[in-house]
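Okay, structure first, notes after.
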Amino acid sequence: MRKPQSRARAVLAAGAAAAVAFTATACGDSGESTADLTWWHIQNEDPMKTTWAEMADEWAAEADLTVEVEPIANEAFKERLATSAQSGTLPDLYQTWGGGVLAEQVEAGLVRDITDDVDCLDKVNPITLEAYTIDDRLYAVPFDQGVVGFWYNMDLFAEAGIDTPPATWDEFLGAVEQLKAAGITPIALGGADQWPTHYYWTYLVMRTLGLDGLEAAAEAGDFSDPGFTEAGQKLADLAALEPFQEGFESATYDQADGQAALMGEGGAAMELMGQWAPQAQRDNSGTDGPGDALSFFPFPAIEGGAGTTTEFLGGGGGFAAGAESPDEVVDFMCFLLEEDNQAQVVKDGNMSTVAADPAAVVPDMNNEQQLVVDAMATATGTQLYLDQAYPPSIGSTVNEASEGLVLGEISPEDFVAMVNEAWAAEK
Amino acid sequence: MTLKPQQAEPLSRSRPAGRVGDKPRRARTGRRPGPVTLAVFIIPALVLFALFVLVPVGFAGYTSFFRWNGLGGLPNDFIGLDNFRTLLADEVFLGDLGRLALVVGLSIVVQLPLAFGLAMLLHQRFPGRAVFRLLFFVPYVLTEAVTAVLFGLIFSPRRGFADALLASVGVDASIGWLSDRSLVMFVIFGILTWKFFGFHMILYLAARQNIPDELYEAARVDGATGPQLFRHITIPLMGPTVRITVFLSVIGTVQLFDLVFVLTHGGPFHASETLAITMYEEGFGRNQIGYASALSIAMFLISLVFALGYQRLVLKRDLQGALTSTEGSKA
């Protein structure tokens, strides 16, 4: 039997359910915060997590504002930022690598132009600003900057009878064969991640065409120059020597069986990687890494090529501000660049300083930081990693094609055709 | 999602037909609910369904006609059917379809028969039966991401458990389980089988238990042998369940993402890529939201055409009463 009040109760229950559902919808991740300034960064582990938090507190107290700091893991950060950008706002201050991704955000009107407001860059190495400069306007301040090169294990090189690191591509191929002959895995590579492989192709292009040649081709959106095919062929030749560890095809950069861990354990003689490599070797292998046996040499030159070994592939990290950020955000950016704070970041985060005069800001650098700083001091030009520098569709195509080339799935000509097609679609 | 309600039907249908001596189902008493009550119960669900299913599907359909990177307001670069033309010439997409066919084929030929066989075994009475049923079902309870991490360790190229196991029996070959492009799909299929056979097995077991023993007794009295019992009673009466598991298996394979994404990211060089991974890469890796929408529409159409076609051609027999027709042919 139906009780008299049951219909009323049903209406109430349904109404309540609907109310709950709509409240839940309305309160979805809108990203709104009550703080004056929200800051997303990716140093989500100590000591850097605490270091950033303390700096934020210190500045907030001085400025009499509230700062909400959100440390987010790297990959999760990229996804959250992409979602945030698609919903039309970006955090007041957030991690950026510059280049094509930043350019897309700028084009959508989501980023604050800080060119005329930031007045604390006179002691910053101008190279470090290149990645954040779009059409001569500056959109971020850097906190870390380094270069990509070969990190190598001197003990393993000595074991194979190699006394000096190779300076030319032919010497490099010779070294690979010598290492193989000595039963040593010459190169560690996280093939599944694709981006470690794209360093090889990019450097070979830079050495063949020179930095100017690459920049001109990117400007024109056309990689038809024969130099691109030649560079691709050189990478295919290297892959044909089978220089990588067994199973590199499915290995990643930063997992327990990946590229960094293999280097950390002394299981391979070298890797082509950025300034973070020594730290990653220790973190991922759970060892102390090769220690003093670890050294660095720039990507070798190609005989007859237009590029030189002082042109580096590089990049780092910076902070950009959302278009709707409060004006004070610029003060905070400068606060983070104060020399004490820079020195602290270099020390706690094992990062590479952005100061024009590194020794003045960080007098007590460790060996690996010194190697990066020394390389940067010789730099006559830098190119941001292509998967950051170019729009995402083209950067991803370069990564994908690099993997295909090393696996022998595509030819150097296919590579150029794929990238040109991506450029054409972007225009 | 929208298909869930129909899935349950054939399963439950076999039950009342099979039971002997059940009281006829009691007709529902009481008044039909009035329009106000109906509205109160249906409208909230309808609004949510529209908001979270119909609108997004419609929006994906809309954006699939644009070149759009997802940033800065609504899409405005209308390119008609270009995204779909690109899709049909995209080797990765065509490869995805091939891999889809491979996994579906292997599932029907290997995974489902395996689950069927185990269900028959576990239907027998023997000590520890419940333990085995539980053990075989356990992998299904794990999330796909956890499964992927687990098998990532097992098939790791360096000191992976699989290689170590082979080494312990004297086979010192380092097999590129996940790095060999011609092998990786079969390894993934093996993992999928490990994970999902228990689910299908439980469905088969339930279906088998719903076949009344009286049928077998009667057939035995008539002189039927074991294989005849299996062929003429077990198989026909489990038909509806088998057809439903095939359906679930195909739809699940079309959506395959988590496990493969975590395990291989679709690599090496697309060798294990699925439709959903390609869509994710295009949409979130390359900011080609328009193209990714076109791909998602293609996936939607594949699922829809298959679901409708399958229900029309295959499940229709269940709805019209497969029991009576097979009984007719048996006689």
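Identifiers in this document derive from the order of the structure tokens: chains are assigned A, B, ..., residues are numbered from 1 separately in each chain, and ligands are numbered from 1 in order of occurrence.
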Determine, using only C-alpha atoms, which residues of chain A have any atom at most 6 Å from an atom of chain B, and tabulate each with its shortest atom pair and distance in Å to one decimal place, rows ordered by chain and then rising number, as a tab-separated table.
residue	atom	partner	partner_atom	distance
A:Ala18	CA	B:Pro44	CA	5.6
A:Gln86	CA	B:Leu71	CA	5.0
A:Ala108	CA	B:Gly72	CA	4.7
A:Gly247	CA	B:Pro157	CA	5.2
A:Glu249	CA	B:Ser179	CA	4.9
A:Ser250	CA	B:Ser179	CA	4.7
A:Pro392	CA	B:Arg286	CA	4.7
A:Ser393	CA	B:Arg286	CA	4.2
A:Gly404	CA	B:Phe269	CA	5.9
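Note that the spacing between atom CA of A:Ser402 and atom CA of A:His198 amounts to 5.4 Å.
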**OP:** Go through B:Ile233, B:Gly117, B:Val262, B:Val103 one by one, measure the shortest atom-to-atom distance of each to B:Val187 using only C-alpha atoms, and give the residue with the smallest value.
**Re:** B:Val103
**OP:** Taking the chain letters and numbering used in this document, name the residues of stretch 21-91 of chain A that DSSP puts in alpha helix (DSSP H), as a ChimeraX atom specification.
**Re:** /A:21-26,48-63,74-86
Subject >> A:Asp122 surroundings by only C-alpha atoms, 10 Å radius, close-in-sequence under 3 positions cut, as a VMD selection string >> reply: chain A and resid 119 125 to 126 355 to 356
Those same residues, written as a short mmCIF file (atom, residue, chain, number, x, y, z; two decimals), in the first residue's frame with N, CA and C atoms?
data_model
loop_
_atom_site.label_atom_id
_atom_site.label_comp_id
_atom_site.auth_asym_id
_atom_site.auth_seq_id
_atom_site.Cartn_x
_atom_site.Cartn_y
_atom_site.Cartn_z
N ASP A 119 62.33 44.81 -14.16
CA ASP A 119 63.53 45.64 -14.25
C ASP A 119 64.69 45.02 -13.46
N ASN A 125 71.85 36.14 -17.50
CA ASN A 125 72.44 35.77 -18.78
C ASN A 125 71.38 35.90 -19.88
N PRO A 126 71.60 36.77 -20.88
CA PRO A 126 70.56 37.02 -21.88
C PRO A 126 70.13 35.76 -22.65
N ALA A 355 72.45 33.27 -13.86
CA ALA A 355 73.17 34.53 -13.69
C ALA A 355 74.18 34.73 -14.82
N ALA A 356 74.38 36.00 -15.21
CA ALA A 356 75.36 36.31 -16.25
C ALA A 356 76.77 36.00 -15.74
#
**OP:** Check the smallest atom-to-atom distance from each of B:Val131, B:Leu275, B:Phe52, B:Phe247 to B:Gly309 using only C-alpha atoms, then report the winner.
**Re:** B:Phe247
Each stretch 270-361 of chain A residue no farther than 10 Å from stretch 60-79 of chain A, nearest pair in Å, only C-alpha atoms, as JSON lines:
{"residue": "A:Glu328", "atom": "CA", "partner": "A:Ala63", "partner_atom": "CA", "distance": 8.4}
{"residue": "A:Asp331", "atom": "CA", "partner": "A:Ala63", "partner_atom": "CA", "distance": 9.0}
{"residue": "A:Phe332", "atom": "CA", "partner": "A:Ala60", "partner_atom": "CA", "distance": 8.7}
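For the atom pair formed by atom CA of A:Arg282 and atom CA of A:Gly264, the distance is 5.7 Å, given to one decimal.
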**OP:** For B:Gly105, please output as a PyMOL selection string all residues within 10 Å (counting only C-alpha atoms; exclusion window: fewer than 6 positions along the same chain).
**Re:** chain B and resi 99+111+250
**OP:** Go through A:Lys49, A:Arg137, A:Arg207, A:Lys180 one by one, measure the shortest atom-to-atom distance of each to A:Phe228 using only C-alpha atoms, and give the residue with the smallest value.
**Re:**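 That would be A:Arg207, the residue with the smallest distance to A:Phe228.
When DSSP is run on the backbone, the residues of stretch 19-237 of chain B that fall into strand (DSSP E or B) are Phe66, Arg67, Asp77 and Phe78 of chain B.
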**OP:** Between atom CA of B:Glu217 and atom CA of B:Leu121, measure the distance and give it in Å to one decimal.
**Re:** 19.3 Å
Subject >> Contacts of B:Gly290 at 6 Å (only C-alpha atoms; same-chain gap of 2+ positions) as number ranges by chain >> reply: B: 63-64, 66-68, 288, 292-293
Subject >> Near-A:Ala360 list (12 Å; only C-alpha atoms; drop same-chain fewer than 4 positions) as a PyMOL selection string >> reply: chain A and resi 123-124+339-340+342-343+353-356+364-365
**OP:** Would you mind telling me which residue in B:Val146, B:Met201, B:Ala89, B:Val305 lies nearest to B:Phe132 when using only C-alpha atoms?
**Re:**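 Smallest separation from B:Phe132 among the options: B:Met201.
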**OP:** Extract, using only C-alpha atoms, all DNA, RNA and protein residues at most 12 Å from A:Gly289, discarding same-chain residues fewer than 2 positions from it, and format them as a ChimeraX atom specification.
**Re:** /A:151-153,260-268,277-287,291-295,368
Could the residues in this selection be saved with N, CA and C atoms as a PDB file, in the first residue's frame?
ATOM      1  N   TRP A 151      76.884  13.271 -21.462  1.00  0.00           N
ATOM      2  CA  TRP A 151      77.395  12.935 -20.148  1.00  0.00           C
ATOM      3  C   TRP A 151      78.030  11.561 -20.286  1.00  0.00           C
ATOM      4  N   TYR A 152      79.314  11.452 -19.939  1.00  0.00           N
ATOM      5  CA  TYR A 152      79.948  10.151 -20.155  1.00  0.00           C
ATOM      6  C   TYR A 152      80.699   9.694 -18.919  1.00  0.00           C
ATOM      7  N   ASN A 153      80.848   8.370 -18.872  1.00  0.00           N
ATOM      8  CA  ASN A 153      81.497   7.715 -17.754  1.00  0.00           C
ATOM      9  C   ASN A 153      82.969   7.510 -18.117  1.00  0.00           C
ATOM     10  N   ALA A 260      68.253   6.958 -17.494  1.00  0.00           N
ATOM     11  CA  ALA A 260      68.992   7.594 -16.403  1.00  0.00           C
ATOM     12  C   ALA A 260      69.497   6.545 -15.408  1.00  0.00           C
ATOM     13  N   ALA A 261      68.644   5.567 -15.113  1.00  0.00           N
ATOM     14  CA  ALA A 261      69.039   4.538 -14.146  1.00  0.00           C
ATOM     15  C   ALA A 261      70.220   3.728 -14.665  1.00  0.00           C
ATOM     16  N   LEU A 262      70.190   3.432 -15.969  1.00  0.00           N
ATOM     17  CA  LEU A 262      71.274   2.651 -16.565  1.00  0.00           C
ATOM     18  C   LEU A 262      72.604   3.392 -16.444  1.00  0.00           C
ATOM     19  N   MET A 263      72.580   4.694 -16.705  1.00  0.00           N
ATOM     20  CA  MET A 263      73.786   5.503 -16.546  1.00  0.00           C
ATOM     21  C   MET A 263      74.223   5.535 -15.084  1.00  0.00           C
ATOM     22  N   GLY A 264      73.247   5.680 -14.191  1.00  0.00           N
ATOM     23  CA  GLY A 264      73.559   5.754 -12.768  1.00  0.00           C
ATOM     24  C   GLY A 264      74.258   4.500 -12.262  1.00  0.00           C
ATOM     25  N   GLU A 265      73.872   3.371 -12.853  1.00  0.00           N
ATOM     26  CA  GLU A 265      74.464   2.105 -12.415  1.00  0.00           C
ATOM     27  C   GLU A 265      75.762   1.800 -13.151  1.00  0.00           C
ATOM     28  N   GLY A 266      76.178   2.664 -14.058  1.00  0.00           N
ATOM     29  CA  GLY A 266      77.387   2.397 -14.829  1.00  0.00           C
ATOM     30  C   GLY A 266      77.164   1.328 -15.878  1.00  0.00           C
ATOM     31  N   GLY A 267      75.909   1.161 -16.325  1.00  0.00           N
ATOM     32  CA  GLY A 267      75.587   0.129 -17.300  1.00  0.00           C
ATOM     33  C   GLY A 267      75.750   0.574 -18.743  1.00  0.00           C
ATOM     34  N   ALA A 268      76.021   1.863 -18.946  1.00  0.00           N
ATOM     35  CA  ALA A 268      76.259   2.367 -20.300  1.00  0.00           C
ATOM     36  C   ALA A 268      77.269   3.494 -20.193  1.00  0.00           C
ATOM     37  N   ALA A 277      70.765  15.678 -15.871  1.00  0.00           N
ATOM     38  CA  ALA A 277      71.113  14.266 -16.004  1.00  0.00           C
ATOM     39  C   ALA A 277      71.774  13.659 -14.759  1.00  0.00           C
ATOM     40  N   PRO A 278      72.800  14.303 -14.166  1.00  0.00           N
ATOM     41  CA  PRO A 278      73.465  13.661 -13.024  1.00  0.00           C
ATOM     42  C   PRO A 278      72.497  13.389 -11.861  1.00  0.00           C
ATOM     43  N   GLN A 279      71.629  14.361 -11.585  1.00  0.00           N
ATOM     44  CA  GLN A 279      70.661  14.182 -10.504  1.00  0.00           C
ATOM     45  C   GLN A 279      69.704  13.036 -10.830  1.00  0.00           C
ATOM     46  N   ALA A 280      69.243  12.994 -12.086  1.00  0.00           N
ATOM     47  CA  ALA A 280      68.313  11.939 -12.493  1.00  0.00           C
ATOM     48  C   ALA A 280      68.981  10.569 -12.436  1.00  0.00           C
ATOM     49  N   GLN A 281      70.279  10.524 -12.741  1.00  0.00           N
ATOM     50  CA  GLN A 281      70.997   9.245 -12.671  1.00  0.00           C
ATOM     51  C   GLN A 281      70.970   8.701 -11.251  1.00  0.00           C
ATOM     52  N   ARG A 282      71.195   9.591 -10.290  1.00  0.00           N
ATOM     53  CA  ARG A 282      71.177   9.158  -8.890  1.00  0.00           C
ATOM     54  C   ARG A 282      69.760   8.795  -8.453  1.00  0.00           C
ATOM     55  N   ASP A 283      68.804   9.656  -8.758  1.00  0.00           N
ATOM     56  CA  ASP A 283      67.428   9.435  -8.295  1.00  0.00           C
ATOM     57  C   ASP A 283      66.845   8.131  -8.827  1.00  0.00           C
ATOM     58  N   ASN A 284      67.055   7.878 -10.124  1.00  0.00           N
ATOM     59  CA  ASN A 284      66.381   6.735 -10.738  1.00  0.00           C
ATOM     60  C   ASN A 284      67.088   5.414 -10.488  1.00  0.00           C
ATOM     61  N   SER A 285      68.399   5.465 -10.240  1.00  0.00           N
ATOM     62  CA  SER A 285      69.101   4.214 -10.001  1.00  0.00           C
ATOM     63  C   SER A 285      69.163   3.909  -8.514  1.00  0.00           C
ATOM     64  N   GLY A 286      68.878   4.902  -7.683  1.00  0.00           N
ATOM     65  CA  GLY A 286      69.004   4.692  -6.249  1.00  0.00           C
ATOM     66  C   GLY A 286      70.448   4.469  -5.832  1.00  0.00           C
ATOM     67  N   THR A 287      71.387   4.927  -6.660  1.00  0.00           N
ATOM     68  CA  THR A 287      72.802   4.807  -6.326  1.00  0.00           C
ATOM     69  C   THR A 287      73.397   6.213  -6.252  1.00  0.00           C
ATOM     70  N   GLY A 291      79.586   9.388  -9.992  1.00  0.00           N
ATOM     71  CA  GLY A 291      80.397  10.289  -9.162  1.00  0.00           C
ATOM     72  C   GLY A 291      81.413  11.060  -9.975  1.00  0.00           C
ATOM     73  N   ASP A 292      82.674  11.048  -9.499  1.00  0.00           N
ATOM     74  CA  ASP A 292      83.705  11.848 -10.166  1.00  0.00           C
ATOM     75  C   ASP A 292      84.048  11.318 -11.550  1.00  0.00           C
ATOM     76  N   ALA A 293      83.626  10.075 -11.843  1.00  0.00           N
ATOM     77  CA  ALA A 293      83.919   9.523 -13.171  1.00  0.00           C
ATOM     78  C   ALA A 293      83.030  10.138 -14.241  1.00  0.00           C
ATOM     79  N   LEU A 294      82.016  10.887 -13.806  1.00  0.00           N
ATOM     80  CA  LEU A 294      81.091  11.480 -14.779  1.00  0.00           C
ATOM     81  C   LEU A 294      81.648  12.785 -15.327  1.00  0.00           C
ATOM     82  N   SER A 295      81.650  12.895 -16.633  1.00  0.00           N
ATOM     83  CA  SER A 295      82.077  14.152 -17.236  1.00  0.00           C
ATOM     84  C   SER A 295      81.192  14.470 -18.439  1.00  0.00           C
ATOM     85  N   GLU A 368      79.360  18.879 -11.295  1.00  0.00           N
ATOM     86  CA  GLU A 368      78.481  18.770 -12.461  1.00  0.00           C
ATOM     87  C   GLU A 368      77.852  20.112 -12.829  1.00  0.00           C
TER      88      GLU A 368
END
